[in-house]
Amino acid sequence: MGKKINNTNYYFKEVYTLIKRDLSSNILSIISLGFVFFIISLVISLGVSSQFMISEISSQAEISIYYSENYDPTYIREELELIEGINKVNLIDSNEANERMKDILGSDRKILELFDHNPFSSYIEVFIELDNLDDIVSVSKNIEGVELVRDNREVLSQLKNILNIITILGVFVFVAISVATVVITAHIIRQGVYMNKDQISTLKLLGAPSYFIYVPFVLNGILMTVLSALSSIILVYLSNNFVYSKIEGVLPFIILPNFVDLMIILVVFNLISGIILGFLGSVLGIKTTNLNKGA
Amino acid sequence: MIKAIDLSLQYKDGTFGLNNVNIEIPTGELVFITGPSGSGKTSFVKLILGMEKLTQGELLVLDYKMKSIKDNELIKLRQAIGPIFQDFKLLPGRSVCDNVLVGMRFLDIDKILMYEKALKALEKVGLSHKVHSSVENLSYGEKQRVAIARAIAREPKLIIADEPTGNLDKKNSIIIFDLLKSFKSKDTTVLITTHATHLIKDIDDSLHIQVEDGKMKYQEEIYG
């Protein structure tokens, strides 16, 4: 009698034998699951990018305060700085406002030359905490001399709605694809169990416990989904690289998360979901065979 | 060791595999169960190994009551038995050594001891020189000897060989019977089913049980 034998090497050797015995099915499953994980990765990329955009826009939330020309803007500025939730206050004169618009218009800036005089008014640029937007707007409106408070809550609200839709859609796609992954994995593992039913029967007659018999099948399933998840990273790297190059060239005002950070998130997410879905699929595959019943 | 009391095995179609068998096999015996094909020899083996559930009576195997045996008890019982089959039931694609080791990997034994037992068993069956050979490359006689090595390496209390010479010629059959006979000891019972009665009639120190139409009876006891 002694301590239980560590069978790790044996299990992995068995996994190799299982894969070798049904190589084509395993390869085809890895390819098809690879595409499934690619779709998951695209949804995650979209979700992470949208979340990042909202967060960036929220952190740079600002309101513009227009005032009567009869009033001294420094007084309004001092009053504003007393309000909770205001991070920074800048006085923008009409010339700077004009220059900023030129920057925004870029090659279309010539349109401003059609005006005889500078069409922009001076205003106060106020950077705020987004959560305090409503309070800040209502207090600002009551400051003497303030004529108009313009906020971008509609834009933010729209973006948040889009993010909510992407999140709901993403969760739905993820659940649907996870089920598909579990079913595909379960199918290939069940096929493996049936292909090796004589061997399983022999091991049972020798008194092998269920865990000893089925661990290689579970490892086979996990290995298959992890390889699929990692191979999908190559595809998603290429596609994200393409999207980033297009957006950075044509739509520079769209703020995207750091490419490397996004890829790290995808690798970690795919790896973890590959392990979990592979485990669930393998267990389901084994549980749905008749061979696992009884000793 | 093995005790059958009014034991019956009736299949769903109404036919009897075994019919009202009363028999006792003491520990440390070499037992031959003989009879023509379909007489009930394999049914008896299947009941001992828990591959079939008895329909009437009781069967005691190594103190386990087979009528009410639980799954975890059946696993323990099977670990105490060294089964040998006519079709060898070796694991394909593995080496001779791996096939012997696989019967011990889930037992509570030290890893080094496990390898020692496997090599010793292979030496006993004369296959020390084929440790790393793939089982696919062996002859029928050699495959049966690997199956025997797998069974004896675990030092079981009961060795059951179901028609172990069914696929072998006369020369190899005699070698296998002699080999199996050598594993009988004070603590180890060897139970062999066979229809090759002409090959075992001269084997002494053995108990012969005749099976016919599901009935079992002591045929003769030969003690040298």
# chains A, B, ... in the order shown; residues from 1 in each chain; ligands from 1
>>> residues_around(residues="A:Leu28", least_positions_apart="6", cutoff="12 Å", atoms="only C-alpha atoms", output="MDAnalysis selection string")
chainID A and resid 19 22 34:35 184:185 188 224:225 227:228
>>> interface_residues(of="chain B", to="chain A", cutoff="8 Å", atoms="only C-alpha atoms", output="compact mmCIF listing (two decimals) with N, CA and C atoms, in the first residue's frame")
# COMPACT_ATOMS: atom_id res chain seq x y z
N LEU B 49 -18.06 -11.17 -11.91
CA LEU B 49 -17.48 -9.86 -12.19
C LEU B 49 -18.52 -8.72 -12.12
N ASP B 71 -22.28 0.18 -6.44
CA ASP B 71 -21.29 0.50 -7.48
C ASP B 71 -19.87 0.62 -6.91
N ASN B 72 -19.74 1.31 -5.78
CA ASN B 72 -18.38 1.50 -5.23
C ASN B 72 -17.81 0.19 -4.69
N LEU B 74 -18.56 -2.74 -6.02
CA LEU B 74 -18.21 -3.52 -7.21
C LEU B 74 -16.84 -3.12 -7.74
N ILE B 75 -16.56 -1.82 -7.67
CA ILE B 75 -15.23 -1.34 -8.09
C ILE B 75 -14.15 -1.98 -7.22
N LYS B 76 -14.38 -2.00 -5.91
CA LYS B 76 -13.41 -2.59 -4.97
C LYS B 76 -13.24 -4.09 -5.26
N LEU B 77 -14.37 -4.76 -5.50
CA LEU B 77 -14.31 -6.20 -5.79
C LEU B 77 -13.48 -6.46 -7.06
N ARG B 78 -13.79 -5.69 -8.11
CA ARG B 78 -13.07 -5.90 -9.38
C ARG B 78 -11.57 -5.62 -9.23
N GLN B 79 -11.24 -4.69 -8.33
CA GLN B 79 -9.81 -4.40 -8.11
C GLN B 79 -9.10 -5.57 -7.44
N ILE B 81 -9.79 -8.67 -8.24
CA ILE B 81 -9.85 -9.79 -9.19
C ILE B 81 -8.91 -9.52 -10.36
N GLY B 82 -8.30 -10.56 -10.85
CA GLY B 82 -7.48 -10.44 -12.05
C GLY B 82 -8.19 -11.15 -13.19
N PRO B 83 -8.90 -10.40 -14.05
CA PRO B 83 -9.65 -11.08 -15.11
C PRO B 83 -8.79 -11.31 -16.38
N LYS B 89 -8.74 -8.48 -24.43
CA LYS B 89 -9.14 -7.12 -24.00
C LYS B 89 -7.94 -6.25 -23.64
N LEU B 90 -6.96 -6.24 -24.54
CA LEU B 90 -5.82 -5.35 -24.34
C LEU B 90 -6.15 -3.99 -24.93
N LEU B 91 -5.48 -2.95 -24.44
CA LEU B 91 -5.73 -1.60 -24.95
C LEU B 91 -4.88 -1.39 -26.21
N GLY B 93 -2.86 0.24 -29.36
CA GLY B 93 -2.04 1.44 -29.51
C GLY B 93 -1.14 1.71 -28.33
N GLY B 103 -3.69 -1.61 -15.23
CA GLY B 103 -4.51 -2.31 -14.23
C GLY B 103 -4.17 -1.93 -12.80
N ARG B 105 -2.83 1.50 -12.05
CA ARG B 105 -2.69 2.96 -11.91
C ARG B 105 -3.66 3.58 -10.92
N PHE B 106 -4.79 2.95 -10.71
CA PHE B 106 -5.80 3.52 -9.81
C PHE B 106 -5.81 2.83 -8.44
N LEU B 107 -4.81 1.96 -8.22
CA LEU B 107 -4.72 1.29 -6.92
C LEU B 107 -3.82 2.09 -5.99
N ASP B 108 -3.96 1.83 -4.70
CA ASP B 108 -3.13 2.54 -3.72
C ASP B 108 -1.76 1.90 -3.61
N ILE B 109 -0.96 2.04 -4.65
CA ILE B 109 0.40 1.51 -4.55
C ILE B 109 1.40 2.56 -5.03
N ASP B 110 2.60 2.41 -4.54
CA ASP B 110 3.66 3.35 -4.89
C ASP B 110 4.03 3.18 -6.36
N LYS B 111 4.42 4.29 -6.98
CA LYS B 111 4.70 4.26 -8.43
C LYS B 111 5.85 3.31 -8.78
>>> closest_atom_pairs(of="stretch 44-100 of chain B", to="stretch 116-119 of chain B", cutoff="10 Å", atoms="only C-alpha atoms", output="Markdown table")
| residue | atom | partner | partner_atom | distance |
| --- | --- | --- | --- | --- |
| B:Val96 | CA | B:Ala118 | CA | 9.7 |
| B:Cys97 | CA | B:Ala118 | CA | 6.9 |
| B:Asp98 | CA | B:Ala118 | CA | 9.0 |
| B:Asn99 | CA | B:Ala118 | CA | 9.3 |
| B:Val100 | CA | B:Ala118 | CA | 5.9 |
>>> atom_distance(atom1="atom CA of B:Ala149", atom2="atom CA of B:Glu52")
25.5 Å
>>> select_by_dssp(residues="stretch 113-214 of chain A", states="strand (DSSP E or B)", output="ChimeraX atom specification")
/A:123-128,146-151
>>> select_by_dssp(residues="stretch 12-217 of chain B", states="alpha helix (DSSP H)", output="PyMOL selection string")
chain B and resi 41-48+71-79+96-101+111-124+140-153+170-181+197-200
>>> residues_around(residues="B:Ile175", least_positions_apart="3", cutoff="10 Å", atoms="only C-alpha atoms", output="PyMOL selection string")
chain B and resi 125+141+145+165+170-172+178-181
>>> residues_around(residues="B:Lys157", least_positions_apart="2", cutoff="12 Å", atoms="only C-alpha atoms", output="VMD selection string")
chain B and resid 1 to 2 26 to 29 61 to 63 76 to 83 151 to 155 159 to 160 183 to 191
>>> residues_around(residues="A:Leu262", least_positions_apart="3", cutoff="9 Å", atoms="only C-alpha atoms", output="number ranges by chain")
A: 45, 48-49, 257-259, 265-267
>>> residues_around(residues="stretch 3-6 of chain B", least_positions_apart="4", cutoff="6 Å", atoms="only C-alpha atoms", output="PyMOL selection string")
chain B and resi 20-24+57-60
>>> residues_around(residues="B:Ser173", least_positions_apart="5", cutoff="12 Å", atoms="only C-alpha atoms", output="list in words")
Gln86, Tyr140, Gly141, Glu142, Gln144, Arg145, Glu163, Pro164, Thr165, Gly166, Asn167, Leu168, Asp178, Leu179, Leu180, Thr194, His195, Ala196, Thr197, His198, Leu199 and Ile200 of chain B
>>> closest_residue(among="A:Gly285, A:Pro119, A:Gly170, A:Pro73", to="A:Val183", atoms="only C-alpha atoms")
A:Gly285
